[in-house]
Every structure is written in C-alpha cells, then in structure tokens.
Amino acid sequence: QVARSGDGHTPRFSPFDLLRFNNVNLDPLTETFTMGFYLQYLAKWPQYCFNVDAPHGRSMGYVLGKAEGSGAPGKLDAGLPWHGHVTAVTVPPEYRRLGTAHALMGLLESVSDHEAAWFVDLFVRRSNGVAISFYESLGYSVCRHVLGYYSGDEDAYDMRKPLSRDADRRSAVPLPNPIHPEELEDD
C-alpha cells in the first residue's frame, strides 16, 4: 500500500526530501517553487505535506497542502469556509498509474476531514484534461472557472470535493459564470 511505509507510519514530507526530488519536479506540467516556499509549508502545515518513496529511496511523488479559510466555524455561508487546499500534487512519469497520486490525495483529504474542513480544493489548468479526469474520479467537481489564473495566459478550474462536514455538498455548488483572479477570496 502506497499510503503507509513498511513500519506503518504516514509518509510525512521532510526538509531532506527537498534535496532528492528532482525526478518529480522535472515534469513540464509540475509547478515548481522556491526552497523557501516549500519550507514555509513544512513549517506552517506539516500535517498537509506528504512524500512517498519507492523501496530503493527514490521519490514516487508528493503532495503539498495547507488549511485555509476565513469563515466562522460551523457556518458555510460566512466568508470562505475552513478547508484543505492542494497546492501541488505530482508524481513522475515512471510512477504514474500505480495509485500514488490517489493515495497522496487521500492522505491530504483525511487530514482535512479530521480537522473539520468543509472541503478540499485545488486549481488545475483548464487544458490539463488528464488531471481534470483524475480529480473527477476522486469526487472533485468544477466550482469556478478562473480566467487567466496562470500568469494571465491560461484559465484554471477551481475544483472541490466536499468532506463529511458538508453532507449536503453545499460547498461544491458551481458558479454560473467565470471569474477573474482578483475576484478570488483572500485565503
């Protein structure tokens, strides 16, 4: 099982993983960040960051996430509700179709659900049909179409998956019209 190591613990992302995941970040569809950005996530939201290694120690992929939202606890309609956010999930080509991304997403969703989040969301390039189909297979749906989200050149979909706190799926109701990046809530 990808989601747990041989001794049964959850595969947390550590700062040392940053020194050995070039094989993961070489994919042209992978968003890469500065070391400081990764370290900020590991310092603020370590429970939302996971890395999975192959038996020989090579990274099979990682998910980088966080908790965000400004809404009042228990109220879905007050600001942006408390939720988990997937900043990056990536698996190098040699480890795709093995369930790695599915397991990584499951770990982040589980942490988000445990922390009483309403949903998990992510942004994906509108042109990345493979990723969109993958997220839909996990229960995510398009909630917002964001015009020019990626450097003003490419649109994004904001996809959400309601968690157990939102049994009525109210957090995943799609907006009827596209929005611009400046219309996104401050998280």
# chains A, B, ... in the order shown; residues from 1 in each chain; ligands from 1
$ residues_around --residues "Arg58 of chain A" --least-positions-apart "4" --cutoff "8 Å" --atoms "only C-alpha atoms" --output "PyMOL selection string"
chain A and resi 20-21+53-54
$ residues_around --residues "segment 160-176 of chain A" --least-positions-apart "2" --cutoff "12 Å" --atoms "only C-alpha atoms" --output "number ranges by chain"
A: 73-86, 105-106, 108-124, 132, 135-146, 157-158, 178-179
$ write_last_selection --atoms "C-alpha atoms" --output "PDB file, in the first residue's frame"
ATOM      1  CA  PRO A  73     -16.686  27.874  12.450  1.00  0.00           C
ATOM      2  CA  GLY A  74     -19.807  25.879  11.698  1.00  0.00           C
ATOM      3  CA  LYS A  75     -21.114  28.338   9.099  1.00  0.00           C
ATOM      4  CA  LEU A  76     -20.740  27.592   5.420  1.00  0.00           C
ATOM      5  CA  ASP A  77     -22.058  30.957   4.254  1.00  0.00           C
ATOM      6  CA  ALA A  78     -19.735  33.289   6.201  1.00  0.00           C
ATOM      7  CA  GLY A  79     -16.663  34.092   4.078  1.00  0.00           C
ATOM      8  CA  LEU A  80     -14.577  31.325   2.564  1.00  0.00           C
ATOM      9  CA  PRO A  81     -15.178  28.261   4.754  1.00  0.00           C
ATOM     10  CA  TRP A  82     -12.387  26.411   6.520  1.00  0.00           C
ATOM     11  CA  HIS A  83     -10.954  23.922   4.027  1.00  0.00           C
ATOM     12  CA  GLY A  84      -7.941  21.952   2.917  1.00  0.00           C
ATOM     13  CA  HIS A  85      -6.119  23.162  -0.172  1.00  0.00           C
ATOM     14  CA  VAL A  86      -3.910  21.150  -2.530  1.00  0.00           C
ATOM     15  CA  MET A 105      -4.726  12.890  -2.248  1.00  0.00           C
ATOM     16  CA  GLY A 106      -6.392  10.508   0.202  1.00  0.00           C
ATOM     17  CA  LEU A 108      -4.496  15.160   2.478  1.00  0.00           C
ATOM     18  CA  GLU A 109      -8.275  14.658   2.371  1.00  0.00           C
ATOM     19  CA  SER A 110      -8.125  12.559   5.537  1.00  0.00           C
ATOM     20  CA  VAL A 111      -6.189  15.243   7.434  1.00  0.00           C
ATOM     21  CA  SER A 112      -8.604  17.912   6.189  1.00  0.00           C
ATOM     22  CA  ASP A 113     -11.613  15.862   7.264  1.00  0.00           C
ATOM     23  CA  HIS A 114     -10.039  15.193  10.671  1.00  0.00           C
ATOM     24  CA  GLU A 115      -9.549  18.947  11.148  1.00  0.00           C
ATOM     25  CA  ALA A 116     -13.246  19.607  10.374  1.00  0.00           C
ATOM     26  CA  ALA A 117     -12.725  21.185   6.973  1.00  0.00           C
ATOM     27  CA  TRP A 118     -15.774  21.641   4.760  1.00  0.00           C
ATOM     28  CA  PHE A 119     -14.000  20.608   1.561  1.00  0.00           C
ATOM     29  CA  VAL A 120     -10.662  20.211  -0.185  1.00  0.00           C
ATOM     30  CA  ASP A 121      -9.968  22.377  -3.196  1.00  0.00           C
ATOM     31  CA  LEU A 122      -7.309  22.745  -5.853  1.00  0.00           C
ATOM     32  CA  PHE A 123      -6.637  24.712  -9.014  1.00  0.00           C
ATOM     33  CA  VAL A 124      -5.890  22.896 -12.262  1.00  0.00           C
ATOM     34  CA  ILE A 132      -9.230  17.026 -14.520  1.00  0.00           C
ATOM     35  CA  TYR A 135      -9.713  14.636  -9.921  1.00  0.00           C
ATOM     36  CA  GLU A 136     -13.268  13.932 -11.091  1.00  0.00           C
ATOM     37  CA  SER A 137     -12.643  10.213 -10.485  1.00  0.00           C
ATOM     38  CA  LEU A 138     -11.799  11.125  -6.867  1.00  0.00           C
ATOM     39  CA  GLY A 139     -15.057  13.037  -6.407  1.00  0.00           C
ATOM     40  CA  TYR A 140     -13.929  16.587  -7.230  1.00  0.00           C
ATOM     41  CA  SER A 141     -16.083  18.860  -9.373  1.00  0.00           C
ATOM     42  CA  VAL A 142     -15.515  22.218 -11.051  1.00  0.00           C
ATOM     43  CA  CYS A 143     -16.836  25.037  -8.869  1.00  0.00           C
ATOM     44  CA  ARG A 144     -15.286  28.030 -10.547  1.00  0.00           C
ATOM     45  CA  HIS A 145     -13.717  28.819 -13.900  1.00  0.00           C
ATOM     46  CA  VAL A 146     -10.957  31.390 -13.255  1.00  0.00           C
ATOM     47  CA  TYR A 157     -10.658  25.382 -12.779  1.00  0.00           C
ATOM     48  CA  ASP A 158     -11.180  25.582  -9.033  1.00  0.00           C
ATOM     49  CA  PRO A 178     -16.324  32.629 -14.974  1.00  0.00           C
ATOM     50  CA  ILE A 179     -14.458  34.924 -12.585  1.00  0.00           C
TER      51      ILE A 179
END
$ closest_atom_pairs --of "segment 54-119 of chain A" --to "segment 23-28 of chain A" --cutoff "12 Å" --atoms "only C-alpha atoms" --output "Markdown table"
| residue | atom | partner | partner_atom | distance |
| --- | --- | --- | --- | --- |
| A:Gly57 | CA | A:Asn23 | CA | 12.0 |
| A:Arg58 | CA | A:Asn23 | CA | 8.3 |
| A:Ser59 | CA | A:Val24 | CA | 7.0 |
| A:Met60 | CA | A:Val24 | CA | 7.3 |
| A:Gly61 | CA | A:Val24 | CA | 6.2 |
| A:Tyr62 | CA | A:Val24 | CA | 8.2 |
| A:Val63 | CA | A:Val24 | CA | 11.1 |
| A:Ala88 | CA | A:Asn25 | CA | 10.6 |
| A:Val89 | CA | A:Val24 | CA | 10.0 |
| A:Thr90 | CA | A:Val24 | CA | 6.7 |
| A:Val91 | CA | A:Val24 | CA | 5.9 |
| A:Pro92 | CA | A:Val24 | CA | 4.7 |
| A:Pro93 | CA | A:Asp27 | CA | 7.8 |
| A:Glu94 | CA | A:Asn23 | CA | 9.4 |
| A:Tyr95 | CA | A:Val24 | CA | 9.6 |
| A:Arg96 | CA | A:Val24 | CA | 11.0 |
$ select_by_dssp --residues "segment 37-136 of chain A" --states "helix (DSSP H, G or I)" --output "MDAnalysis selection string"
chainID A and resid 37:44 46:48 93:95 100:114 129:136
$ atom_distance --atom1 "atom CA of Met35 of chain A" --atom2 "atom CA of Arg12 of chain A"
17.1 Å
$ select_by_dssp --residues "segment 72-116 of chain A" --states "strand (DSSP E)" --output "PyMOL selection string"
chain A and resi 83-90
$ atom_distance --atom1 "atom CA of Pro55 of chain A" --atom2 "atom CA of Leu18 of chain A"
18.0 Å
$ atom_distance --atom1 "atom CA of Leu64 of chain A" --atom2 "atom CA of Phe13 of chain A"
8.4 Å
$ closest_residue --among "A:Leu19, A:Ala156, A:Ala67, A:Ala43" --to "Gly129 of chain A" --atoms "only C-alpha atoms"
A:Ala156
$ closest_residue --among "A:Thr32, A:Arg97, A:Pro46, A:Glu183" --to "Gly148 of chain A" --atoms "only C-alpha atoms"
A:Glu183
